[in-house]
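entry.csv, holding CSV, C-alpha atoms (C1' of nucleotides):
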chain,number,residue,atom,x,y,z
A,1,MET,CA,0.0,0.0,0.0
A,2,ASN,CA,2.1,2.9,-1.1
A,3,THR,CA,1.1,4.2,-4.5
A,4,VAL,CA,-1.2,7.2,-4.5
A,5,SER,CA,-3.9,5.0,-6.1
A,6,ASP,CA,-3.5,2.5,-3.3
A,7,ARG,CA,-3.9,5.2,-0.7
A,8,LEU,CA,-6.9,6.8,-2.3
A,9,ASN,CA,-8.5,3.4,-2.6
A,10,GLU,CA,-7.7,2.5,1.0
A,11,ILE,CA,-9.3,5.8,2.1
A,12,TYR,CA,-12.4,5.1,0.1
A,13,GLU,CA,-12.7,1.5,1.4
A,14,LEU,CA,-12.4,2.7,5.0
A,15,LEU,CA,-15.1,5.3,4.5
A,16,VAL,CA,-17.5,3.0,2.7
A,17,LYS,CA,-17.0,0.5,5.5
A,18,ALA,CA,-17.6,3.1,8.2
A,19,TYR,CA,-20.5,5.0,6.6
A,20,GLY,CA,-22.0,2.9,3.8
A,21,PRO,CA,-23.7,4.5,0.7
A,22,GLN,CA,-24.6,8.2,1.0
A,23,HIS,CA,-27.2,8.4,-1.7
A,24,TRP,CA,-26.2,11.7,-3.1
A,25,TRP,CA,-27.3,14.1,-4.5
A,26,PRO,CA,-30.5,14.5,-2.4
A,27,ALA,CA,-32.6,15.9,-5.3
A,28,GLU,CA,-35.4,14.8,-7.6
A,29,SER,CA,-34.2,16.4,-10.8
A,30,PRO,CA,-31.1,17.9,-12.5
A,31,LEU,CA,-32.5,21.4,-12.0
A,32,GLU,CA,-32.9,20.7,-8.3
A,33,VAL,CA,-29.2,19.7,-8.2
A,34,MET,CA,-28.3,22.9,-9.9
A,35,VAL,CA,-30.3,25.1,-7.5
A,36,GLY,CA,-29.0,23.1,-4.5
A,37,ALA,CA,-25.4,23.5,-5.7
A,38,VAL,CA,-25.6,27.3,-5.7
A,39,LEU,CA,-27.5,27.4,-2.4
A,40,THR,CA,-25.1,25.2,-0.5
A,41,GLN,CA,-22.1,27.4,-1.2
A,42,ASN,CA,-20.3,27.9,2.1
A,43,THR,CA,-23.5,26.9,3.9
A,44,ASN,CA,-25.0,24.1,5.9
A,45,TRP,CA,-27.2,21.8,3.9
A,46,GLN,CA,-30.1,22.0,6.4
A,47,GLY,CA,-30.8,25.6,5.4
A,48,VAL,CA,-30.6,24.6,1.8
A,49,GLU,CA,-33.3,21.9,2.4
A,50,GLN,CA,-35.6,24.6,3.9
A,51,ALA,CA,-35.0,26.9,1.0
A,52,ILE,CA,-35.7,24.2,-1.6
A,53,ALA,CA,-38.8,23.1,0.3
A,54,ASN,CA,-40.0,26.7,0.1
A,55,LEU,CA,-39.6,26.6,-3.7
A,56,LYS,CA,-41.2,23.2,-4.0
A,57,ARG,CA,-44.1,24.3,-1.8
A,58,ASP,CA,-44.9,27.1,-4.2
A,59,ASN,CA,-44.3,24.9,-7.2
A,60,LEU,CA,-41.5,27.1,-8.4
A,61,LEU,CA,-38.7,24.6,-8.9
A,62,ASN,CA,-38.5,24.7,-12.6
A,63,GLN,CA,-36.5,26.9,-14.9
A,64,HIS,CA,-39.4,28.7,-16.5
A,65,LYS,CA,-41.0,29.6,-13.1
A,66,LEU,CA,-37.7,30.6,-11.7
A,67,LYS,CA,-37.0,32.8,-14.7
A,68,ALA,CA,-40.3,34.6,-14.3
A,69,LEU,CA,-39.8,35.1,-10.6
A,70,SER,CA,-38.4,38.4,-9.4
A,71,THR,CA,-35.0,38.4,-7.7
A,72,GLU,CA,-36.5,40.0,-4.6
A,73,GLU,CA,-39.2,37.3,-4.3
A,74,LEU,CA,-36.6,34.6,-4.9
A,75,SER,CA,-34.3,35.9,-2.2
A,76,ARG,CA,-37.2,35.9,0.2
A,77,LEU,CA,-37.9,32.2,-0.5
A,78,ILE,CA,-34.3,31.1,-0.1
A,79,LYS,CA,-33.6,33.1,3.0
A,80,PRO,CA,-32.9,30.0,5.2
A,81,ALA,CA,-29.9,29.1,3.0
A,82,GLY,CA,-28.1,32.3,4.0
A,83,TYR,CA,-26.5,34.9,1.7
A,84,PHE,CA,-29.9,35.1,0.2
A,85,ASN,CA,-29.5,38.3,-1.8
A,86,LEU,CA,-26.3,37.1,-3.3
A,87,LYS,CA,-27.6,33.6,-4.1
A,88,ALA,CA,-30.8,34.9,-5.6
A,89,ARG,CA,-28.7,36.8,-8.1
A,90,ARG,CA,-26.5,33.8,-8.7
A,91,LEU,CA,-29.5,31.5,-9.3
A,92,LYS,CA,-30.9,34.0,-11.7
A,93,ASN,CA,-27.6,34.1,-13.6
A,94,LEU,CA,-27.6,30.3,-13.8
A,95,ILE,CA,-31.2,30.1,-15.0
A,96,GLU,CA,-30.5,32.8,-17.5
A,97,MET,CA,-27.7,30.7,-19.0
A,98,VAL,CA,-29.9,27.6,-19.1
A,99,THR,CA,-32.7,29.5,-20.8
A,100,GLU,CA,-30.5,31.6,-23.1
A,101,ALA,CA,-28.2,28.9,-24.3
A,102,TYR,CA,-30.6,25.9,-24.3
A,103,GLY,CA,-34.1,27.5,-24.3
A,104,GLY,CA,-34.5,26.0,-20.8
A,105,ASP,CA,-34.2,22.5,-22.3
A,106,LEU,CA,-32.1,20.4,-19.8
A,107,ALA,CA,-32.2,17.4,-22.2
A,108,ALA,CA,-30.4,19.6,-24.7
A,109,MET,CA,-27.8,20.5,-22.1
A,110,GLU,CA,-27.4,16.8,-21.3
A,111,GLN,CA,-26.2,16.4,-24.9
A,112,MET,CA,-23.2,18.7,-24.5
A,113,GLU,CA,-19.7,17.5,-24.2
A,114,THR,CA,-18.4,17.6,-20.6
A,115,ALA,CA,-15.6,20.1,-21.2
A,116,GLN,CA,-17.8,22.5,-23.0
A,117,LEU,CA,-20.5,22.3,-20.5
A,118,ARG,CA,-18.0,23.0,-17.7
A,119,GLN,CA,-16.7,26.0,-19.5
A,120,GLU,CA,-20.3,27.3,-20.0
A,121,LEU,CA,-21.1,26.8,-16.3
A,122,LEU,CA,-17.9,28.6,-15.2
A,123,LEU,CA,-18.9,31.6,-17.3
A,124,VAL,CA,-21.9,32.1,-15.1
A,125,ASN,CA,-21.2,34.7,-12.4
A,126,GLY,CA,-21.6,32.9,-9.1
A,127,VAL,CA,-20.7,29.4,-10.4
A,128,GLY,CA,-17.1,28.5,-9.5
A,129,PRO,CA,-15.3,25.2,-9.9
A,130,GLU,CA,-17.0,23.3,-7.1
A,131,THR,CA,-20.5,24.4,-8.1
A,132,ALA,CA,-19.8,23.6,-11.8
A,133,ASP,CA,-18.3,20.2,-11.0
A,134,SER,CA,-21.1,19.3,-8.6
A,135,ILE,CA,-23.6,20.0,-11.4
A,136,LEU,CA,-21.6,18.0,-13.8
A,137,LEU,CA,-21.3,15.0,-11.5
A,138,TYR,CA,-24.6,15.0,-9.7
A,139,ALA,CA,-27.0,16.5,-12.3
A,140,PHE,CA,-25.4,15.3,-15.6
A,141,HIS,CA,-23.6,12.2,-14.3
A,142,ARG,CA,-20.2,13.0,-15.7
A,143,PRO,CA,-17.0,11.4,-14.2
A,144,ILE,CA,-15.7,14.6,-12.6
A,145,PHE,CA,-14.3,14.6,-9.1
A,146,VAL,CA,-15.8,17.4,-6.9
A,147,VAL,CA,-13.3,19.1,-4.6
A,148,ASP,CA,-14.4,21.0,-1.5
A,149,THR,CA,-13.0,22.2,1.8
A,150,TYR,CA,-13.2,18.7,3.3
A,151,THR,CA,-11.4,17.2,0.3
A,152,TYR,CA,-8.7,19.6,1.0
A,153,ARG,CA,-8.5,19.0,4.8
A,154,VAL,CA,-8.6,15.2,4.5
A,155,THR,CA,-6.0,14.9,1.8
A,156,SER,CA,-3.7,17.5,3.3
A,157,ARG,CA,-3.8,16.0,6.8
A,158,HIS,CA,-3.0,12.6,5.2
A,159,GLY,CA,0.0,14.1,3.4
A,160,LEU,CA,-1.4,13.4,-0.1
A,161,ILE,CA,-1.1,17.0,-1.3
A,162,GLU,CA,0.9,20.2,-0.5
A,163,GLU,CA,-0.6,22.7,1.9
A,164,GLU,CA,-0.9,25.2,-0.9
A,165,ALA,CA,-2.5,22.9,-3.5
A,166,ASN,CA,-5.2,24.6,-5.5
A,167,TYR,CA,-8.5,23.2,-6.8
A,168,GLN,CA,-7.1,21.8,-10.0
A,169,ALA,CA,-4.3,20.0,-8.2
A,170,LEU,CA,-6.7,18.3,-5.9
A,171,GLN,CA,-9.0,17.3,-8.7
A,172,ASP,CA,-6.1,15.9,-10.6
A,173,LEU,CA,-5.0,13.9,-7.6
A,174,PHE,CA,-8.2,11.9,-7.7
A,175,MET,CA,-8.9,11.9,-11.4
A,176,GLU,CA,-5.4,10.8,-12.4
A,177,HIS,CA,-5.1,8.1,-9.8
A,178,LEU,CA,-8.6,6.6,-9.8
A,179,PRO,CA,-10.8,5.1,-12.6
A,180,LEU,CA,-13.2,7.7,-14.0
A,181,ASP,CA,-16.2,6.1,-12.5
A,182,VAL,CA,-19.3,8.3,-12.0
A,183,ASP,CA,-20.8,6.1,-9.2
A,184,MET,CA,-17.5,5.9,-7.3
A,185,PHE,CA,-16.8,9.7,-7.6
A,186,ASN,CA,-20.4,10.3,-6.4
A,187,GLU,CA,-19.8,8.2,-3.3
A,188,TYR,CA,-16.3,9.3,-2.7
A,189,HIS,CA,-17.0,13.0,-2.5
A,190,ALA,CA,-20.1,12.4,-0.4
A,191,LEU,CA,-18.1,10.2,2.0
A,192,LEU,CA,-15.4,12.8,2.4
A,193,VAL,CA,-18.1,15.4,3.3
A,194,ARG,CA,-19.5,13.0,5.8
A,195,ALA,CA,-16.2,12.2,7.4
A,196,GLY,CA,-15.2,15.9,7.3
A,197,LYS,CA,-18.4,17.0,9.0
A,198,LEU,CA,-17.9,14.5,11.8
A,199,HIS,CA,-14.2,14.6,12.3
A,200,CYS,CA,-12.4,17.1,10.3
A,201,LYS,CA,-13.5,20.5,11.5
A,202,ARG,CA,-11.1,23.3,11.2
A,203,LYS,CA,-9.8,23.1,14.7
A,204,ALA,CA,-10.8,19.6,15.7
A,205,ARG,CA,-8.3,16.8,15.8
A,206,CYS,CA,-9.0,13.5,14.1
A,207,GLU,CA,-10.1,11.3,17.0
A,208,GLY,CA,-12.7,8.7,16.1
A,209,CYS,CA,-12.3,9.3,12.3
A,210,PRO,CA,-12.3,6.0,10.4
A,211,LEU,CA,-9.2,7.3,8.6
A,212,GLU,CA,-7.3,7.9,11.8
A,213,PRO,CA,-5.2,4.7,11.4
A,214,LEU,CA,-3.9,6.1,8.1
A,215,LEU,CA,-2.6,9.4,9.4
A,216,PRO,CA,1.1,10.0,8.8
B,1,DG,C1',-21.7,33.8,22.6
B,2,DA,C1',-18.4,31.8,19.6
B,3,DC,C1',-17.8,28.8,16.0
B,4,DC,C1',-19.0,26.6,11.9
B,5,DA,C1',-21.2,25.7,7.3
B,6,DG,C1',-20.9,20.9,0.6
B,7,DG,C1',-17.8,29.1,-2.3
B,8,DC,C1',-17.3,32.9,-5.1
B,9,DA,C1',-16.4,37.5,-6.7
B,10,DC,C1',-14.4,41.6,-6.1
B,11,DA,C1',-11.3,45.3,-4.1
B,12,DT,C1',-6.9,46.6,-3.0
B,13,DC,C1',-2.1,46.4,-2.6
C,1,DG,C1',-0.2,37.4,-8.3
C,2,DA,C1',-1.4,37.3,-3.5
C,3,DT,C1',-4.1,38.5,0.2
C,4,DG,C1',-8.3,40.2,2.4
C,5,DT,C1',-13.2,40.9,2.7
C,6,DG,C1',-18.4,40.8,2.1
C,7,DC,C1',-22.1,37.9,1.9
C,8,DA,C1',-26.2,35.8,6.3
C,9,DT,C1',-29.0,32.2,8.3
C,10,DG,C1',-29.3,28.6,11.6
C,11,DG,C1',-27.5,24.7,14.2
C,12,DT,C1',-24.2,23.2,17.9
Starting from the coordinates I provided, produce the structure as structure tokens.
Amino acid sequence: MNTVSDRLNEIYELLVKAYGPQHWWPAESPLEVMVGAVLTQNTNWQGVEQAIANLKRDNLLNQHKLKALSTEELSRLIKPAGYFNLKARRLKNLIEMVTEAYGGDLAAMEQMETAQLRQELLLVNGVGPETADSILLYAFHRPIFVVDTYTYRVTSRHGLIEEEANYQALQDLFMEHLPLDVDMFNEYHALLVRAGKLHCKRKARCEGCPLEPLLP
DNA sequence: GACCAGGCACATC
DNA sequence: GATGTGCATGGT
């Protein structure tokens, strides 16, 4: 057990054994994934659930309804997710792209090549690499590894990356040393979030983490 | 009451 | 290019 691939696989196996399947993304449609991806930026998922519940309750969780909705009204509905003024604008920007470029047709979006779709998502103001990649993996089922703060904490504490590694370097670590498998990437990212939430807080030590035996 | 949360854009140096 | 800051609610 010493190649990077071996270590990444070992981490994955330990997390699966400890936590089992995570059933991500918790959403009923690609659009719901997109909305959730924006809403969850630097925010606890519980607030996002509330915000999405509000949209569903008013039957607004589709691209045409959201496009017609005013930014003010949208921000009122997503309030529990925090940063509501900012996120209302970001959601409008994303919906704008979906309706402008694809006439609101998500099936048409699904036809796009992954690299091109990623570029297009990144051009939306408010969609950065993690949000774009979450959409690619969880809404469009592309074999893209999603990097987040927990990915960074776990891999750096385990000596797999430099302290100053950027998003691309982290993504490459996983995508160059693991098979490009949608289902595995789905679980792996979700498991890292789970382990991170429980054991890898900014100041917390690693006691009780299933990965503790692997620490350098 | 402090700390934290499944980022991102923008200002300033 | 690097570093700092605003955005905000809600749970622990």
Within 12 Å of chain C, which residues of chain A show up? Give each one with its shortest atom-to-atom distance in Å (one decimal) and the two atoms involved, counting all atoms listed in the file, rows by chain then rising residue number, as CSV.
residue,atom,partner,partner_atom,distance
A:Leu39,CA,C:DT9,C1',11.8
A:Thr40,CA,C:DT9,C1',11.9
A:Gln41,CA,C:DC7,C1',10.9
A:Asn42,CA,C:DC7,C1',10.2
A:Thr43,CA,C:DT9,C1',8.8
A:Asn44,CA,C:DG10,C1',8.4
A:Trp45,CA,C:DG10,C1',10.5
A:Gln46,CA,C:DG10,C1',8.4
A:Gly47,CA,C:DG10,C1',7.0
A:Val48,CA,C:DT9,C1',10.1
A:Gln50,CA,C:DG10,C1',10.7
A:Ala51,CA,C:DT9,C1',10.8
A:Ser75,CA,C:DA8,C1',11.7
A:Ile78,CA,C:DT9,C1',10.0
A:Lys79,CA,C:DT9,C1',7.1
A:Pro80,CA,C:DT9,C1',5.4
A:Ala81,CA,C:DT9,C1',6.2
A:Gly82,CA,C:DT9,C1',4.4
A:Tyr83,CA,C:DA8,C1',4.7
A:Phe84,CA,C:DA8,C1',7.2
A:Asn85,CA,C:DC7,C1',8.3
A:Leu86,CA,C:DC7,C1',6.7
A:Lys87,CA,C:DC7,C1',9.2
A:Ala88,CA,C:DC7,C1',11.9
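If you look at CA of Gly20 in chain A and CA of Asp6 in chain A, they are 19.8 Å away from each other.
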Residue neighbourhood range 6-9 of chain B, 10 Å, all atoms listed in the file, exclusion window fewer than 6 positions, as JSON, numbers by chain: {"A": [36, 37, 38, 39, 40, 41, 42, 43, 44, 45, 90, 125, 126, 127, 128, 129, 130, 131, 134, 146, 147, 148, 149, 150, 189, 190, 192, 193, 194, 197], "C": [6, 7]}
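The nearest approach to chain B among the residues A:Met112, A:Thr99, A:Leu14, A:Pro26, with all atoms listed in the file taken into account, belongs to A:Pro26.
Picture a line from CA of Asp183 in chain A to CA of Leu55 in chain A; it runs 28.4 Å.
Closest approach to DC3 in chain B among A:Ile161, A:Ala132, A:Leu191, A:Lys201: A:Lys201, based on only C-alpha atoms (C1' of nucleotides).
Residue neighbourhood of Leu61 in chain A, excluding near-sequence residues (fewer than 4 positions): Ser29, Leu31, Glu32, Val35, Ile52, Ala53, Asn54, Leu55, Lys56, Arg57, Lys65 and Leu66 of chain A, at 10 Å, using only C-alpha atoms (C1' of nucleotides).
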Expressed in Å to a single decimal, how great is the separation between CA of Trp25 in chain A and CA of Arg142 in chain A? 13.3 Å
Calculated over all atoms listed in the file, which of the candidates A:Glu207, A:Asp105, A:Asp133, A:Glu164 has the smallest distance to chain B? A:Asp133
